[in-house]
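Just entry.pdb here, PDB, C-alpha atoms:
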```pdb
MODEL        1
ATOM      1  CA  MET A  10     -10.718   7.295  42.393
ATOM      2  CA  GLY A  11      -7.186   6.270  41.441
ATOM      3  CA  ILE A  12      -5.290   7.991  38.668
ATOM      4  CA  ASN A  13      -5.466   4.904  36.440
ATOM      5  CA  ASN A  14      -9.218   4.580  36.837
ATOM      6  CA  PHE A  15      -9.669   8.306  36.250
ATOM      7  CA  GLY A  16      -7.641   8.050  33.049
ATOM      8  CA  ARG A  17      -9.784   5.218  31.775
ATOM      9  CA  LEU A  18     -12.803   7.523  31.761
ATOM     10  CA  PHE A  19     -11.184   9.412  28.914
ATOM     11  CA  MET A  20     -10.038   6.400  26.928
ATOM     12  CA  PRO A  21     -11.908   5.562  23.714
ATOM     13  CA  LYS A  22     -14.767   3.124  24.242
ATOM     14  CA  ASN A  23     -13.591   1.055  21.266
ATOM     15  CA  LYS A  24     -10.527   0.482  19.154
ATOM     16  CA  VAL A  25     -12.080   1.953  16.042
ATOM     17  CA  PHE A  26      -8.838   3.403  14.645
ATOM     18  CA  TYR A  27      -6.989   0.106  15.003
ATOM     19  CA  GLU A  28      -9.894  -1.762  13.413
ATOM     20  CA  LEU A  29     -10.047   0.620  10.483
ATOM     21  CA  PHE A  30      -6.286   0.638   9.911
ATOM     22  CA  GLU A  31      -6.178  -3.155  10.081
ATOM     23  CA  ASP A  32      -8.988  -3.385   7.548
ATOM     24  CA  VAL A  33      -7.158  -0.970   5.246
ATOM     25  CA  ALA A  34      -3.958  -3.040   5.613
ATOM     26  CA  GLU A  35      -5.925  -6.138   4.626
ATOM     27  CA  LYS A  36      -7.175  -4.296   1.543
ATOM     28  CA  VAL A  37      -3.630  -3.210   0.661
ATOM     29  CA  HIS A  38      -2.463  -6.820   0.803
ATOM     30  CA  GLU A  39      -5.453  -8.122  -1.118
ATOM     31  CA  MET A  40      -4.934  -5.515  -3.845
ATOM     32  CA  GLY A  41      -1.298  -6.594  -4.083
ATOM     33  CA  LEU A  42      -2.460 -10.179  -4.560
ATOM     34  CA  ARG A  43      -5.006  -9.184  -7.199
ATOM     35  CA  LEU A  44      -2.425  -7.118  -9.097
ATOM     36  CA  LYS A  45      -0.075 -10.107  -9.172
ATOM     37  CA  GLU A  46      -2.972 -12.251 -10.369
ATOM     38  CA  MET A  47      -3.759  -9.730 -13.084
ATOM     39  CA  VAL A  48      -0.240  -9.596 -14.533
ATOM     40  CA  SER A  49      -0.118 -13.403 -14.483
ATOM     41  CA  GLU A  50      -3.294 -13.671 -16.564
ATOM     42  CA  PRO A  51      -2.703 -13.819 -20.364
ATOM     43  CA  ASP A  52      -6.379 -13.363 -21.297
ATOM     44  CA  HIS A  53      -7.418  -9.707 -21.627
ATOM     45  CA  ASN A  54     -11.053 -10.313 -20.639
ATOM     46  CA  LYS A  55     -10.019 -12.215 -17.524
ATOM     47  CA  ARG A  56      -7.594  -9.410 -16.645
ATOM     48  CA  ALA A  57     -10.506  -6.972 -16.930
ATOM     49  CA  ALA A  58     -12.464  -9.089 -14.436
ATOM     50  CA  VAL A  59      -9.551  -8.922 -11.959
ATOM     51  CA  LEU A  60      -9.368  -5.160 -12.526
ATOM     52  CA  ALA A  61     -13.019  -4.926 -11.453
ATOM     53  CA  GLN A  62     -12.102  -6.694  -8.194
ATOM     54  CA  ILE A  63      -9.215  -4.274  -7.638
ATOM     55  CA  GLU A  64     -11.527  -1.323  -8.283
ATOM     56  CA  ASP A  65     -14.033  -2.659  -5.746
ATOM     57  CA  LEU A  66     -11.278  -3.024  -3.127
ATOM     58  CA  GLU A  67     -10.066   0.506  -3.854
ATOM     59  CA  HIS A  68     -13.568   1.895  -3.326
ATOM     60  CA  LYS A  69     -13.912  -0.006  -0.044
ATOM     61  CA  ASN A  70     -10.587   1.408   1.065
ATOM     62  CA  ASP A  71     -11.753   4.920   0.203
ATOM     63  CA  ASP A  72     -14.734   4.358   2.493
ATOM     64  CA  ASN A  73     -12.447   3.191   5.311
ATOM     65  CA  THR A  74     -10.146   6.168   4.834
ATOM     66  CA  HIS A  75     -13.115   8.520   4.965
ATOM     67  CA  ARG A  76     -14.253   6.825   8.184
ATOM     68  CA  ILE A  77     -10.811   7.313   9.714
ATOM     69  CA  PHE A  78     -10.961  11.036   8.962
ATOM     70  CA  THR A  79     -14.528  11.198  10.320
ATOM     71  CA  GLU A  80     -13.500   9.447  13.540
ATOM     72  CA  LEU A  81     -10.533  11.793  13.804
ATOM     73  CA  GLY A  82     -12.887  14.750  13.909
ATOM     74  CA  ARG A  83     -15.263  13.008  16.296
ATOM     75  CA  ASN A  84     -12.872  11.605  18.923
ATOM     76  CA  PHE A  85     -11.104  13.805  21.448
ATOM     77  CA  ILE A  86      -8.839  10.948  22.554
ATOM     78  CA  THR A  87      -6.888   9.070  19.871
ATOM     79  CA  PRO A  88      -4.465   6.119  20.223
ATOM     80  CA  PHE A  89      -1.600   8.209  18.829
ATOM     81  CA  ASP A  90      -1.000  11.683  17.429
ATOM     82  CA  ARG A  91      -3.780  13.002  15.232
ATOM     83  CA  GLU A  92      -1.225  14.069  12.606
ATOM     84  CA  ASP A  93       0.226  10.565  12.502
ATOM     85  CA  ILE A  94      -3.247   9.069  12.076
ATOM     86  CA  HIS A  95      -3.867  11.447   9.188
ATOM     87  CA  TYR A  96      -0.459  10.762   7.612
ATOM     88  CA  LEU A  97      -0.802   6.998   7.910
ATOM     89  CA  ALA A  98      -4.342   6.950   6.516
ATOM     90  CA  THR A  99      -3.210   9.076   3.585
ATOM     91  CA  ALA A 100      -0.118   6.949   2.914
ATOM     92  CA  LEU A 101      -2.096   3.690   2.962
ATOM     93  CA  ASP A 102      -4.756   5.214   0.725
ATOM     94  CA  ASP A 103      -2.039   6.282  -1.717
ATOM     95  CA  ILE A 104      -0.751   2.691  -1.930
ATOM     96  CA  CYS A 105      -4.211   1.500  -2.919
ATOM     97  CA  ASP A 106      -4.726   4.378  -5.358
ATOM     98  CA  TYR A 107      -1.499   3.607  -7.207
ATOM     99  CA  ILE A 108      -2.099  -0.148  -7.290
ATOM    100  CA  TYR A 109      -5.446   0.610  -8.877
ATOM    101  CA  ALA A 110      -3.827   3.097 -11.269
ATOM    102  CA  SER A 111      -1.263   0.457 -12.283
ATOM    103  CA  SER A 112      -3.937  -2.107 -13.018
ATOM    104  CA  LYS A 113      -5.986   0.427 -14.980
ATOM    105  CA  LYS A 114      -3.041   1.356 -17.185
ATOM    106  CA  ILE A 115      -2.222  -2.291 -17.896
ATOM    107  CA  ASN A 116      -5.835  -2.867 -18.904
ATOM    108  CA  PHE A 117      -6.366   0.409 -20.776
ATOM    109  CA  TYR A 118      -3.164   0.150 -22.809
ATOM    110  CA  ASN A 119      -3.837  -3.549 -23.414
ATOM    111  CA  VAL A 120      -0.148  -4.359 -23.046
ATOM    112  CA  ASN A 121       1.099  -7.891 -22.616
ATOM    113  CA  PRO A 122       1.877  -8.013 -18.873
ATOM    114  CA  ASN A 123       4.226 -10.947 -19.445
ATOM    115  CA  ASP A 124       7.044  -8.431 -19.362
ATOM    116  CA  THR A 125      10.067  -8.766 -17.101
ATOM    117  CA  GLY A 126       9.741  -5.258 -15.664
ATOM    118  CA  ILE A 127       6.005  -5.513 -14.996
ATOM    119  CA  GLN A 128       6.360  -8.983 -13.468
ATOM    120  CA  LYS A 129       9.202  -7.960 -11.157
ATOM    121  CA  MET A 130       7.392  -4.785 -10.109
ATOM    122  CA  ALA A 131       4.238  -6.767  -9.310
ATOM    123  CA  ASP A 132       6.301  -9.170  -7.182
ATOM    124  CA  LEU A 133       7.849  -6.271  -5.253
ATOM    125  CA  ILE A 134       4.472  -4.588  -4.758
ATOM    126  CA  LEU A 135       3.047  -7.817  -3.361
ATOM    127  CA  GLN A 136       6.030  -8.200  -1.023
ATOM    128  CA  GLY A 137       5.614  -4.596   0.102
ATOM    129  CA  SER A 138       1.916  -5.121   0.799
ATOM    130  CA  VAL A 139       2.746  -8.122   2.993
ATOM    131  CA  GLU A 140       5.261  -6.134   5.061
ATOM    132  CA  ILE A 141       2.973  -3.110   5.402
ATOM    133  CA  LYS A 142       0.223  -5.391   6.674
ATOM    134  CA  LYS A 143       2.598  -6.855   9.285
ATOM    135  CA  ALA A 144       3.638  -3.396  10.479
ATOM    136  CA  VAL A 145       0.086  -2.048  10.690
ATOM    137  CA  MET A 146      -1.188  -5.137  12.509
ATOM    138  CA  GLY A 147       1.479  -4.574  15.148
ATOM    139  CA  LEU A 148       0.251  -1.100  16.031
ATOM    140  CA  ARG A 149      -2.603  -2.284  18.250
ATOM    141  CA  ASP A 150      -0.397  -3.453  21.120
ATOM    142  CA  MET A 151       3.181  -2.870  19.861
ATOM    143  CA  LYS A 152       4.297  -6.066  21.554
ATOM    144  CA  ASN A 153       6.282  -7.373  18.602
ATOM    145  CA  LEU A 154       8.452  -4.400  17.776
ATOM    146  CA  ARG A 155      11.149  -6.591  16.249
ATOM    147  CA  GLU A 156       8.767  -7.955  13.623
ATOM    148  CA  MET A 157       7.445  -4.463  12.908
ATOM    149  CA  THR A 158      10.952  -3.071  12.557
ATOM    150  CA  GLU A 159      12.018  -5.930  10.277
ATOM    151  CA  ALA A 160       8.948  -5.294   8.126
ATOM    152  CA  MET A 161       9.858  -1.632   7.735
ATOM    153  CA  VAL A 162      13.456  -2.478   6.852
ATOM    154  CA  LYS A 163      12.161  -4.861   4.186
ATOM    155  CA  VAL A 164       9.866  -2.156   2.792
ATOM    156  CA  ASN A 165      12.867   0.141   2.445
ATOM    157  CA  SER A 166      14.811  -2.626   0.680
ATOM    158  CA  ILE A 167      11.856  -3.312  -1.630
ATOM    159  CA  GLU A 168      11.699   0.351  -2.611
ATOM    160  CA  ASN A 169      15.415   0.315  -3.460
ATOM    161  CA  GLN A 170      14.963  -2.839  -5.525
ATOM    162  CA  ALA A 171      12.047  -1.243  -7.365
ATOM    163  CA  ASP A 172      14.259   1.710  -8.297
ATOM    164  CA  ASP A 173      16.785  -0.718  -9.782
ATOM    165  CA  VAL A 174      14.074  -2.661 -11.626
ATOM    166  CA  PHE A 175      12.696   0.580 -13.027
ATOM    167  CA  ASP A 176      16.089   1.699 -14.331
ATOM    168  CA  MET A 177      16.824  -1.731 -15.797
ATOM    169  CA  SER A 178      13.390  -1.965 -17.407
ATOM    170  CA  ILE A 179      13.677   1.445 -19.049
ATOM    171  CA  GLU A 180      17.115   0.552 -20.386
ATOM    172  CA  MET A 181      15.858  -2.746 -21.830
ATOM    173  CA  LEU A 182      12.749  -1.060 -23.212
ATOM    174  CA  PHE A 183      14.746   1.412 -25.275
ATOM    175  CA  GLN A 184      17.127  -1.296 -26.426
ATOM    176  CA  GLN A 185      14.570  -3.917 -27.442
ATOM    177  CA  GLU A 186      11.307  -2.156 -28.295
ATOM    178  CA  ASN A 187      10.976  -0.577 -31.737
ATOM    179  CA  ASP A 188       7.329   0.451 -31.419
ATOM    180  CA  PHE A 189       7.370   3.959 -29.930
ATOM    181  CA  LYS A 190       3.790   3.621 -28.684
ATOM    182  CA  GLU A 191       4.731   0.522 -26.706
ATOM    183  CA  VAL A 192       7.691   2.371 -25.228
ATOM    184  CA  ILE A 193       5.386   5.138 -23.969
ATOM    185  CA  LYS A 194       2.807   2.682 -22.602
ATOM    186  CA  LYS A 195       5.246   0.484 -20.722
ATOM    187  CA  ARG A 196       7.251   3.407 -19.412
ATOM    188  CA  GLU A 197       4.096   4.843 -17.827
ATOM    189  CA  ILE A 198       3.221   1.489 -16.294
ATOM    190  CA  TYR A 199       6.717   1.083 -14.844
ATOM    191  CA  GLN A 200       6.522   4.581 -13.362
ATOM    192  CA  VAL A 201       3.167   4.069 -11.657
ATOM    193  CA  MET A 202       4.161   0.659 -10.300
ATOM    194  CA  GLU A 203       7.392   2.094  -8.906
ATOM    195  CA  ILE A 204       5.386   4.817  -7.165
ATOM    196  CA  VAL A 205       3.473   2.091  -5.291
ATOM    197  CA  THR A 206       6.722   1.051  -3.595
ATOM    198  CA  ASP A 207       7.461   4.700  -2.781
ATOM    199  CA  LYS A 208       4.086   4.956  -1.060
ATOM    200  CA  CYS A 209       4.781   1.757   0.891
ATOM    201  CA  GLU A 210       7.972   3.373   2.143
ATOM    202  CA  ASP A 211       6.026   6.520   3.106
ATOM    203  CA  ALA A 212       3.629   4.408   5.189
ATOM    204  CA  ALA A 213       6.539   2.572   6.821
ATOM    205  CA  ASN A 214       8.135   5.901   7.739
ATOM    206  CA  VAL A 215       4.944   7.039   9.478
ATOM    207  CA  ILE A 216       4.745   3.767  11.414
ATOM    208  CA  GLU A 217       8.387   4.158  12.420
ATOM    209  CA  SER A 218       7.601   7.645  13.731
ATOM    210  CA  ILE A 219       4.695   6.267  15.768
ATOM    211  CA  ILE A 220       6.906   3.531  17.262
ATOM    212  CA  ILE A 221       9.569   6.045  18.258
ATOM    213  CA  LYS A 222       6.971   8.172  20.056
ATOM    214  CA  TYR A 223       4.932   5.485  21.783
ATOM    215  CA  ALA A 224       6.805   2.191  22.053
TER     216      ALA A 224
ENDMDL
END
```
Structure translated into structure tokens:
Amino acid sequence: MGINNFGRLFMPKNKVFYELFEDVAEKVHEMGLRLKEMVSEPDHNKRAAVLAQIEDLEHKNDDNTHRIFTELGRNFITPFDREDIHYLATALDDICDYIYASSKKINFYNVNPNDTGIQKMADLILQGSVEIKKAVMGLRDMKNLREMTEAMVKVNSIENQADDVFDMSIEMLFQQENDFKEVIKKREIYQVMEIVTDKCEDAANVIESIIIKYA
């Protein structure tokens, strides 16, 4: 038996990790879309309905993340380092958790999402979700490294822009808002939304590490 054939005996019978990560990436993108939809909806009851969709997606992602960890304990052979699988699953799960947290705060505080800071943050989160999806989808064969690398560079740029939007929004908030309760509410929302972009950058950093090791 040749070395290549011998090696194939120890290869995973399916691409379960890729399938799960790709499904999680789809959920990340879809949650980004739903968040943008939510902040574009002026009716509180309709926003609550979108929140329910986001919550459902977050729960589905939790199930996928749990499956990834289960498969990690079950499979001796993995497509890349076990630590990287764990880090990436955690980073992607964090993105979803903080998108959900953002939508919950907007709904719970009943703030008007037609706010420059919230709108810009939602745009950046959606852009980040698109780029994370591109990068994750490229992991299966790593044939389009240029597109993956460009996606990660964009994620880094998005995170920097979100920092600027956060600072600008806080400055405007203190200048223009006289209701102290509204200041507290919006400041919390800005913070959680900015964290989403941080978590996107964390996921991009893990993917970059995987590319360096295996591409």
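Interatomic distance, atom CA of Phe26 of chain A to atom CA of Arg43 of chain A: 25.5 Å.
The residues returned by the PyMOL selection byres ((chain A and resi 38) around 9) for this structure are Val33, Ala34, Glu35, Lys36, Val37, Glu39, Met40, Gly41, Leu42, Arg43, Leu135, Gln136, Gly137, Ser138, Val139, Glu140, Ile141 and Lys142 of chain A.
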For Glu64 of chain A, which residue out of A:Thr99, A:Glu31, A:Ile86, A:Tyr107 is the nearest one, using all atoms listed in the file?
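Using all atoms listed in the file, Glu64 of chain A sits closest to A:Tyr107.
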Could you tell me which of A:Gln184, A:Gln170, A:Thr74, A:Asn165 comes closest to Cys209 of chain A if we count all atoms listed in the file?
A:Asn165
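Counting from atom CA of Lys45 of chain A, the distance to atom CA of Ile134 of chain A is 8.4 Å.
Minimum atom-to-atom distances from A:Ala110, A:Leu66, A:Val174, A:Ala98 to Thr79 of chain A were compared using all atoms listed in the file, and the lowest value belongs to A:Ala98.
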Can you pull out every residue within 12 Å of Asp124 of chain A, counting all atoms listed in the file, but drop anything in the same chain fewer than 6 positions away, and send it as a compact mmCIF listing (two decimals) with C-alpha atoms, keeping the file's coordinate frame?
```
# COMPACT_ATOMS: atom_id res chain seq x y z
CA VAL A 48 -0.24 -9.60 -14.53
CA SER A 49 -0.12 -13.40 -14.48
CA GLU A 50 -3.29 -13.67 -16.56
CA PRO A 51 -2.70 -13.82 -20.36
CA ILE A 115 -2.22 -2.29 -17.90
CA MET A 130 7.39 -4.78 -10.11
CA ALA A 131 4.24 -6.77 -9.31
CA VAL A 174 14.07 -2.66 -11.63
CA SER A 178 13.39 -1.96 -17.41
CA ILE A 179 13.68 1.44 -19.05
CA MET A 181 15.86 -2.75 -21.83
CA LEU A 182 12.75 -1.06 -23.21
CA GLN A 185 14.57 -3.92 -27.44
CA GLU A 186 11.31 -2.16 -28.30
CA GLU A 191 4.73 0.52 -26.71
CA LYS A 195 5.25 0.48 -20.72
CA ARG A 196 7.25 3.41 -19.41
CA ILE A 198 3.22 1.49 -16.29
CA TYR A 199 6.72 1.08 -14.84
```
I need the residue nearest Glu67 of chain A from this list: A:Lys222, A:Lys129, A:Lys113, A:Arg149. Use all atoms listed in the file for the distance.
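Of the candidates, the smallest distance to Glu67 of chain A is held by A:Lys113.
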Hey, which of A:Glu28, A:Ile108, A:Met177, A:Glu46 ends up closest to Asp207 of chain A? Count all atoms listed in the file.
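For Asp207 of chain A, the nearest of the candidates is A:Ile108.
Atom CA of Ser112 of chain A lies 9.1 Å from atom CA of Ala57 of chain A.
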Selected residue of minimal separation from Lys152 of chain A among A:Asp32, A:Lys24, A:Tyr223, A:Ile193, counting all atoms listed in the file:
A:Tyr223
Selection result of the PyMOL selection byres ((chain A and resi 217) around 12) on this file, as a VMD selection string:
chain A and resid 93 97 141 144 to 145 147 to 148 151 154 to 155 157 to 162 164 to 165 210 to 216 218 to 224
Which residues match the PyMOL selection byres ((chain A and resi 116) around 10) in the file above, as a short mmCIF file (atom, residue, chain, number, x, y, z; two decimals) with C-alpha atoms, in the frame of the given file?
```
data_model
loop_
_atom_site.label_atom_id
_atom_site.label_comp_id
_atom_site.auth_asym_id
_atom_site.auth_seq_id
_atom_site.Cartn_x
_atom_site.Cartn_y
_atom_site.Cartn_z
CA MET A 47 -3.76 -9.73 -13.08
CA VAL A 48 -0.24 -9.60 -14.53
CA HIS A 53 -7.42 -9.71 -21.63
CA ASN A 54 -11.05 -10.31 -20.64
CA ARG A 56 -7.59 -9.41 -16.64
CA ALA A 57 -10.51 -6.97 -16.93
CA VAL A 59 -9.55 -8.92 -11.96
CA LEU A 60 -9.37 -5.16 -12.53
CA ALA A 110 -3.83 3.10 -11.27
CA SER A 111 -1.26 0.46 -12.28
CA SER A 112 -3.94 -2.11 -13.02
CA LYS A 113 -5.99 0.43 -14.98
CA LYS A 114 -3.04 1.36 -17.18
CA ILE A 115 -2.22 -2.29 -17.90
CA PHE A 117 -6.37 0.41 -20.78
CA TYR A 118 -3.16 0.15 -22.81
CA ASN A 119 -3.84 -3.55 -23.41
CA VAL A 120 -0.15 -4.36 -23.05
CA ASN A 121 1.10 -7.89 -22.62
CA PRO A 122 1.88 -8.01 -18.87
#
```
Enclosing box along x, y and z for every listed atom of segment 172-185 of chain A, padded 5 Å each side, centre and size in Å, one decimal, as JSON:
```
{"center_x": 14.9, "center_y": -1.1, "center_z": -17.9, "size_x": 14.4, "size_y": 15.6, "size_z": 29.1}
```
Complete the atoms of segment 90-126 of chain A to N, CA and C atoms and put them out as a PDB file, in the frame of the given file.
```
ATOM      1  N   ASP A  90      -0.827  10.315  17.913  1.00  0.00           N
ATOM      2  CA  ASP A  90      -1.000  11.683  17.429  1.00  0.00           C
ATOM      3  C   ASP A  90      -1.964  11.772  16.254  1.00  0.00           C
ATOM      4  N   ARG A  91      -2.803  12.803  16.294  1.00  0.00           N
ATOM      5  CA  ARG A  91      -3.780  13.002  15.232  1.00  0.00           C
ATOM      6  C   ARG A  91      -3.087  13.164  13.869  1.00  0.00           C
ATOM      7  N   GLU A  92      -1.961  13.878  13.864  1.00  0.00           N
ATOM      8  CA  GLU A  92      -1.225  14.069  12.606  1.00  0.00           C
ATOM      9  C   GLU A  92      -0.744  12.733  12.057  1.00  0.00           C
ATOM     10  N   ASP A  93      -0.257  11.863  12.944  1.00  0.00           N
ATOM     11  CA  ASP A  93       0.226  10.565  12.502  1.00  0.00           C
ATOM     12  C   ASP A  93      -0.916   9.707  11.956  1.00  0.00           C
ATOM     13  N   ILE A  94      -2.079   9.794  12.581  1.00  0.00           N
ATOM     14  CA  ILE A  94      -3.247   9.069  12.076  1.00  0.00           C
ATOM     15  C   ILE A  94      -3.584   9.547  10.669  1.00  0.00           C
ATOM     16  N   HIS A  95      -3.568  10.867  10.495  1.00  0.00           N
ATOM     17  CA  HIS A  95      -3.867  11.447   9.188  1.00  0.00           C
ATOM     18  C   HIS A  95      -2.816  11.035   8.159  1.00  0.00           C
ATOM     19  N   TYR A  96      -1.537  11.121   8.533  1.00  0.00           N
ATOM     20  CA  TYR A  96      -0.459  10.762   7.612  1.00  0.00           C
ATOM     21  C   TYR A  96      -0.526   9.297   7.211  1.00  0.00           C
ATOM     22  N   LEU A  97      -0.776   8.426   8.198  1.00  0.00           N
ATOM     23  CA  LEU A  97      -0.802   6.998   7.910  1.00  0.00           C
ATOM     24  C   LEU A  97      -1.992   6.647   7.032  1.00  0.00           C
ATOM     25  N   ALA A  98      -3.152   7.213   7.336  1.00  0.00           N
ATOM     26  CA  ALA A  98      -4.342   6.950   6.516  1.00  0.00           C
ATOM     27  C   ALA A  98      -4.108   7.395   5.078  1.00  0.00           C
ATOM     28  N   THR A  99      -3.488   8.548   4.924  1.00  0.00           N
ATOM     29  CA  THR A  99      -3.210   9.076   3.585  1.00  0.00           C
ATOM     30  C   THR A  99      -2.209   8.202   2.839  1.00  0.00           C
ATOM     31  N   ALA A 100      -1.149   7.776   3.543  1.00  0.00           N
ATOM     32  CA  ALA A 100      -0.118   6.949   2.914  1.00  0.00           C
ATOM     33  C   ALA A 100      -0.679   5.601   2.467  1.00  0.00           C
ATOM     34  N   LEU A 101      -1.496   4.976   3.315  1.00  0.00           N
ATOM     35  CA  LEU A 101      -2.096   3.690   2.962  1.00  0.00           C
ATOM     36  C   LEU A 101      -3.075   3.851   1.802  1.00  0.00           C
ATOM     37  N   ASP A 102      -3.822   4.941   1.818  1.00  0.00           N
ATOM     38  CA  ASP A 102      -4.756   5.214   0.725  1.00  0.00           C
ATOM     39  C   ASP A 102      -4.004   5.409  -0.591  1.00  0.00           C
ATOM     40  N   ASP A 103      -2.855   6.070  -0.516  1.00  0.00           N
ATOM     41  CA  ASP A 103      -2.039   6.282  -1.717  1.00  0.00           C
ATOM     42  C   ASP A 103      -1.554   4.955  -2.307  1.00  0.00           C
ATOM     43  N   ILE A 104      -1.183   4.008  -1.433  1.00  0.00           N
ATOM     44  CA  ILE A 104      -0.751   2.691  -1.930  1.00  0.00           C
ATOM     45  C   ILE A 104      -1.862   2.075  -2.768  1.00  0.00           C
ATOM     46  N   CYS A 105      -3.074   2.093  -2.214  1.00  0.00           N
ATOM     47  CA  CYS A 105      -4.211   1.500  -2.919  1.00  0.00           C
ATOM     48  C   CYS A 105      -4.515   2.246  -4.213  1.00  0.00           C
ATOM     49  N   ASP A 106      -4.445   3.575  -4.161  1.00  0.00           N
ATOM     50  CA  ASP A 106      -4.726   4.378  -5.358  1.00  0.00           C
ATOM     51  C   ASP A 106      -3.767   4.025  -6.496  1.00  0.00           C
ATOM     52  N   TYR A 107      -2.484   3.861  -6.158  1.00  0.00           N
ATOM     53  CA  TYR A 107      -1.499   3.607  -7.207  1.00  0.00           C
ATOM     54  C   TYR A 107      -1.497   2.158  -7.680  1.00  0.00           C
ATOM     55  N   ILE A 108      -1.896   1.225  -6.810  1.00  0.00           N
ATOM     56  CA  ILE A 108      -2.099  -0.148  -7.290  1.00  0.00           C
ATOM     57  C   ILE A 108      -3.240  -0.160  -8.299  1.00  0.00           C
ATOM     58  N   TYR A 109      -4.304   0.524  -7.958  1.00  0.00           N
ATOM     59  CA  TYR A 109      -5.446   0.610  -8.877  1.00  0.00           C
ATOM     60  C   TYR A 109      -5.041   1.300 -10.175  1.00  0.00           C
ATOM     61  N   ALA A 110      -4.284   2.386 -10.072  1.00  0.00           N
ATOM     62  CA  ALA A 110      -3.827   3.097 -11.269  1.00  0.00           C
ATOM     63  C   ALA A 110      -2.964   2.197 -12.149  1.00  0.00           C
ATOM     64  N   SER A 111      -2.104   1.389 -11.526  1.00  0.00           N
ATOM     65  CA  SER A 111      -1.263   0.457 -12.283  1.00  0.00           C
ATOM     66  C   SER A 111      -2.112  -0.542 -13.059  1.00  0.00           C
ATOM     67  N   SER A 112      -3.086  -1.106 -12.366  1.00  0.00           N
ATOM     68  CA  SER A 112      -3.937  -2.107 -13.018  1.00  0.00           C
ATOM     69  C   SER A 112      -4.766  -1.485 -14.135  1.00  0.00           C
ATOM     70  N   LYS A 113      -5.214  -0.259 -13.940  1.00  0.00           N
ATOM     71  CA  LYS A 113      -5.986   0.427 -14.980  1.00  0.00           C
ATOM     72  C   LYS A 113      -5.145   0.666 -16.230  1.00  0.00           C
ATOM     73  N   LYS A 114      -3.903   1.086 -16.032  1.00  0.00           N
ATOM     74  CA  LYS A 114      -3.041   1.356 -17.185  1.00  0.00           C
ATOM     75  C   LYS A 114      -2.729   0.078 -17.955  1.00  0.00           C
ATOM     76  N   ILE A 115      -2.484  -1.011 -17.232  1.00  0.00           N
ATOM     77  CA  ILE A 115      -2.222  -2.291 -17.896  1.00  0.00           C
ATOM     78  C   ILE A 115      -3.419  -2.693 -18.740  1.00  0.00           C
ATOM     79  N   ASN A 116      -4.615  -2.498 -18.191  1.00  0.00           N
ATOM     80  CA  ASN A 116      -5.835  -2.867 -18.904  1.00  0.00           C
ATOM     81  C   ASN A 116      -6.136  -1.902 -20.054  1.00  0.00           C
ATOM     82  N   PHE A 117      -6.028  -0.609 -19.783  1.00  0.00           N
ATOM     83  CA  PHE A 117      -6.366   0.409 -20.776  1.00  0.00           C
ATOM     84  C   PHE A 117      -5.435   0.354 -21.980  1.00  0.00           C
ATOM     85  N   TYR A 118      -4.142   0.197 -21.718  1.00  0.00           N
ATOM     86  CA  TYR A 118      -3.164   0.150 -22.809  1.00  0.00           C
ATOM     87  C   TYR A 118      -3.126  -1.210 -23.490  1.00  0.00           C
ATOM     88  N   ASN A 119      -3.775  -2.196 -22.865  1.00  0.00           N
ATOM     89  CA  ASN A 119      -3.837  -3.549 -23.414  1.00  0.00           C
ATOM     90  C   ASN A 119      -2.442  -4.082 -23.752  1.00  0.00           C
ATOM     91  N   VAL A 120      -1.501  -3.833 -22.841  1.00  0.00           N
ATOM     92  CA  VAL A 120      -0.148  -4.359 -23.046  1.00  0.00           C
ATOM     93  C   VAL A 120      -0.086  -5.797 -22.567  1.00  0.00           C
ATOM     94  N   ASN A 121       0.873  -6.530 -23.084  1.00  0.00           N
ATOM     95  CA  ASN A 121       1.099  -7.891 -22.616  1.00  0.00           C
ATOM     96  C   ASN A 121       1.854  -7.788 -21.287  1.00  0.00           C
ATOM     97  N   PRO A 122       1.207  -8.160 -20.176  1.00  0.00           N
ATOM     98  CA  PRO A 122       1.877  -8.013 -18.873  1.00  0.00           C
ATOM     99  C   PRO A 122       2.981  -9.023 -18.631  1.00  0.00           C
ATOM    100  N   ASN A 123       3.140  -9.973 -19.574  1.00  0.00           N
ATOM    101  CA  ASN A 123       4.226 -10.947 -19.445  1.00  0.00           C
ATOM    102  C   ASN A 123       5.531 -10.279 -19.871  1.00  0.00           C
ATOM    103  N   ASP A 124       5.878  -9.278 -19.107  1.00  0.00           N
ATOM    104  CA  ASP A 124       7.044  -8.431 -19.362  1.00  0.00           C
ATOM    105  C   ASP A 124       7.891  -8.456 -18.101  1.00  0.00           C
ATOM    106  N   THR A 125       9.177  -8.599 -18.260  1.00  0.00           N
ATOM    107  CA  THR A 125      10.067  -8.766 -17.101  1.00  0.00           C
ATOM    108  C   THR A 125       9.896  -7.637 -16.091  1.00  0.00           C
ATOM    109  N   GLY A 126       9.870  -6.395 -16.568  1.00  0.00           N
ATOM    110  CA  GLY A 126       9.741  -5.258 -15.664  1.00  0.00           C
ATOM    111  C   GLY A 126       8.430  -5.264 -14.916  1.00  0.00           C
TER     112      GLY A 126
END
```
